[in-house]
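J.: So that you have it, the file is start-v8.txt, and it contains compact mmCIF, C-alpha atoms and all ligand atoms:
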# COMPACT_ATOMS: atom_id res chain seq x y z
CA MET A 1 76.71 25.71 114.20
CA LEU A 2 74.78 28.34 116.13
CA ILE A 3 72.58 28.14 119.20
CA LEU A 4 69.57 30.21 120.21
CA THR A 5 70.65 30.91 123.76
CA GLU A 6 68.14 33.45 125.01
CA VAL A 7 64.82 34.94 123.96
CA PHE A 8 63.20 37.83 125.80
CA TYR A 9 59.64 37.81 124.53
CA ASP A 10 57.67 39.33 127.44
CA THR A 11 59.43 42.52 128.40
CA PRO A 12 58.65 44.98 131.20
CA GLY A 13 57.93 47.85 128.81
CA LYS A 14 56.80 47.93 125.20
CA ASP A 15 57.42 44.53 123.68
CA SER A 16 57.54 46.08 120.22
CA GLU A 17 60.65 48.00 121.25
CA GLU A 18 62.27 45.75 123.85
CA GLU A 19 62.14 42.17 122.60
CA TRP A 20 65.45 40.54 121.75
CA ILE A 21 67.05 37.25 120.79
CA GLU A 22 70.58 36.06 121.54
CA LEU A 23 72.59 33.78 119.26
CA TYR A 24 75.73 31.96 120.36
CA ASN A 25 78.57 30.69 118.22
CA PRO A 26 80.18 27.93 120.32
CA THR A 27 82.77 27.06 117.71
CA THR A 28 86.38 28.18 117.45
CA ALA A 29 85.82 29.94 114.12
CA ASP A 30 84.09 33.20 113.28
CA LEU A 31 80.83 32.51 111.50
CA ASP A 32 79.33 34.55 108.69
CA SER A 33 75.64 34.41 109.59
CA SER A 34 74.35 36.74 106.90
CA GLY A 35 71.13 35.56 105.34
CA LEU A 36 70.17 33.12 108.07
CA ILE A 37 66.49 33.29 108.92
CA LEU A 38 64.69 33.62 112.24
CA ARG A 39 61.15 32.34 112.02
CA ASP A 40 58.31 32.39 114.54
CA ASN A 41 54.65 31.47 114.46
CA PHE A 42 53.74 34.41 112.30
CA GLY A 43 56.62 35.35 110.08
CA ASN A 44 60.30 35.40 109.42
CA TRP A 45 63.18 37.83 109.41
CA THR A 46 66.53 37.55 107.66
CA LEU A 47 69.82 38.41 109.33
CA PRO A 48 71.41 41.38 107.57
CA SER A 49 74.42 41.07 105.31
CA ASP A 50 77.78 41.42 107.05
CA THR A 51 76.52 39.64 110.16
CA VAL A 52 79.54 37.83 111.57
CA ILE A 53 79.48 36.11 114.94
CA SER A 54 82.93 35.77 116.44
CA ALA A 55 84.22 32.47 117.75
CA ASN A 56 82.83 31.57 121.17
CA SER A 57 80.72 34.73 121.24
CA THR A 58 77.13 35.84 121.31
CA ILE A 59 75.25 38.56 119.50
CA ILE A 60 72.08 40.30 120.57
CA ILE A 61 69.43 40.85 117.94
CA ALA A 62 66.94 43.44 119.18
CA ARG A 63 63.86 45.06 117.76
CA ASP A 64 64.91 48.58 118.65
CA ARG A 65 68.21 50.00 119.88
CA ASN A 66 66.71 52.48 122.34
CA GLY A 67 64.19 49.98 123.64
CA PHE A 68 66.99 47.52 124.32
CA LEU A 69 69.11 50.20 126.02
CA ASP A 70 66.12 51.04 128.25
CA LEU A 71 66.33 47.52 129.69
CA GLY A 72 69.51 48.63 131.41
CA TYR A 73 72.03 45.94 130.51
CA GLY A 74 74.55 48.71 129.88
CA LEU A 75 75.43 47.67 126.37
CA PRO A 76 73.86 48.18 122.97
CA PRO A 77 72.49 45.35 120.83
CA ASN A 78 74.61 44.10 117.94
CA ILE A 79 71.65 44.34 115.59
CA SER A 80 68.52 46.40 116.18
CA CYS A 81 66.13 45.97 113.29
CA MET A 82 64.50 42.62 114.05
CA THR A 83 60.84 42.66 113.03
CA LEU A 84 59.49 39.45 114.58
CA SER A 85 56.76 40.06 117.15
CA LEU A 86 57.28 37.45 119.85
CA SER A 87 54.06 36.19 121.39
CA ASN A 88 53.80 36.23 125.18
CA THR A 89 51.46 33.27 125.24
CA GLY A 90 53.31 30.65 123.25
CA ASP A 91 55.59 30.88 120.27
CA VAL A 92 58.23 28.87 118.47
CA ILE A 93 61.41 30.45 117.23
CA GLU A 94 63.56 28.68 114.68
CA LEU A 95 66.91 29.58 113.21
CA LEU A 96 67.16 28.44 109.62
CA ASP A 97 69.74 28.22 106.87
CA ASP A 98 67.46 28.06 103.83
CA ASP A 99 65.19 25.13 104.76
CA THR A 100 67.51 23.58 107.31
CA ILE A 101 66.68 24.15 110.97
CA ILE A 102 69.86 25.00 112.86
CA ASP A 103 68.22 25.42 116.25
CA MET A 104 64.85 26.14 117.75
CA VAL A 105 63.22 27.14 121.03
CA ALA A 106 59.60 27.03 122.07
CA CYS A 107 58.13 29.30 124.68
CA SER A 108 54.78 28.69 126.23
CA LEU A 109 52.86 30.62 128.89
CA GLY A 110 55.90 32.29 130.31
CA GLU A 111 58.23 29.33 130.30
CA LEU A 112 61.11 28.77 127.98
CA TYR A 113 61.79 25.16 127.12
CA CA A 201 56.17 39.76 123.35
CA CA A 202 55.96 44.23 127.72
In structure tokens, write the structure found in this file.
T.:
Amino acid sequence: MLILTEVFYDTPGKDSEEEWIELYNPTTADLDSSGLILRDNFGNWTLPSDTVISANSTIIIARDRNGFLDLGYGLPPNISCMTLSLSNTGDVIELLDDDTIIDMVACSLGELY
């Protein structure tokens, strides 16, 4: 079980370098998340091999390491090769294991539901 906990789709600088998604593993076991798929309105992106999310922990999946660092959180992303382009005017993001939807979030006109 994994949860999409945060999506930053409309960033202060270049969205193509700064967008990121956070996944949370609320369970008490480490979770091998390799091969899971993030899908939005326009495409999908597969989590790299060797992606393990520790028990009760989050990971940050960013588009670009330097772009994420520029946001000033003071820590690097766990993964920095995400290729989804997150729309600022309405998008749906799903986390999938093959065809099974694990979690999803919809963002619309600046609000995250
Ligand atoms: Ca965006
Ligand atoms: Ca921006």
J.: Show me which residues are within 9 Å of ligand CA 201 (chain A) counting only C-alpha atoms and all ligand atoms, and format the list as a PyMOL selection string.
T.: chain A and resi 8-11+14-16+18-19+85-89
J.: Of the candidates A:Ile21, A:Leu38, A:Leu47, A:Leu31, which shows the shortest atom-to-atom distance to A:Ile102, using only C-alpha atoms?
T.: A:Leu38
J.: Could you work out how far atom CA of A:Asp64 lies from atom CA of A:Ile3, giving the answer in Å with one decimal?
T.: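 Straight-line distance from atom CA of A:Ile3 to atom CA of A:Asp64 works out to 21.8 Å.
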J.: Quick check, in Å to one decimal: how far apart do atom CA of A:Ser57 and atom CA of A:Gly74 lie?
T.: 17.6 Å
J.: Out of A:Glu17, A:Asp91, A:Asp103, A:Asp97, which residue has the shortest atom-to-atom distance to A:Asn41 when counting only C-alpha atoms?
T.: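 Checking each of A:Glu17, A:Asp91, A:Asp103, A:Asp97 against A:Asn41, counting only C-alpha atoms, the winner is A:Asp91.
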J.: Taking only C-alpha atoms and all ligand atoms into account, name the residue in A:Leu71, A:Leu2, A:Leu84, A:Ala106 that is nearest to ligand CA 202 (chain A).
T.: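 Counting only C-alpha atoms and all ligand atoms, the residue closest to ligand CA 202 (chain A) is A:Leu71.
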J.: Between A:Pro77, A:Pro26, A:Gly35, A:Gly67, which has the minimum distance to ligand CA 202 (chain A) (counting all atoms listed in the file)?
T.: A:Gly67
J.: Between A:Ser34, A:Asn56, A:Asp40, A:Ser80, single out the one closest to A:Met104, counting only C-alpha atoms.
T.: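 The closest residue to A:Met104 is A:Asp40.
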J.: Nearest to A:Met82 among A:Leu23, A:Val105, A:Leu36, A:Ile61, with distances taken over all atoms listed in the file: which residue is it?
T.: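 Checking each candidate against A:Met82, we get A:Ile61 as the closest.
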J.: Just to confirm, what's the straight-line distance from atom CA of A:Thr83 to atom CA of A:Asn25 in Å (one decimal)?
T.: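 According to the coordinates, atom CA of A:Thr83 and atom CA of A:Asn25 are separated by 22.0 Å.
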J.: Which polymer residues have any atom within 8 Å of an atom of A:Ile59, counting only C-alpha atoms, with same-chain residues fewer than 3 positions away left out, as a VMD selection string?
T.: chain A and resid 22 to 24 53 77 to 79
J.: Counting all atoms listed in the file, find residues at most 9 Å from (81.8, 30.2, 111.6) (file frame) and give them as an NGL selection string.
T.: :A and (1-2 or 25 or 27-33 or 52-55)
J.: Would you compute, for all listed atoms of stretch 53-64 of chain A, the axis-aligned bounding box grown by 5 Å on each side, and then report its centre and edge lengths in Å rounded to one decimal, as AutoDock Vina command-line options?
T.:
--center_x 74.0 --center_y 40.1 --center_z 118.1 --size_x 30.4 --size_y 27.0 --size_z 16.4
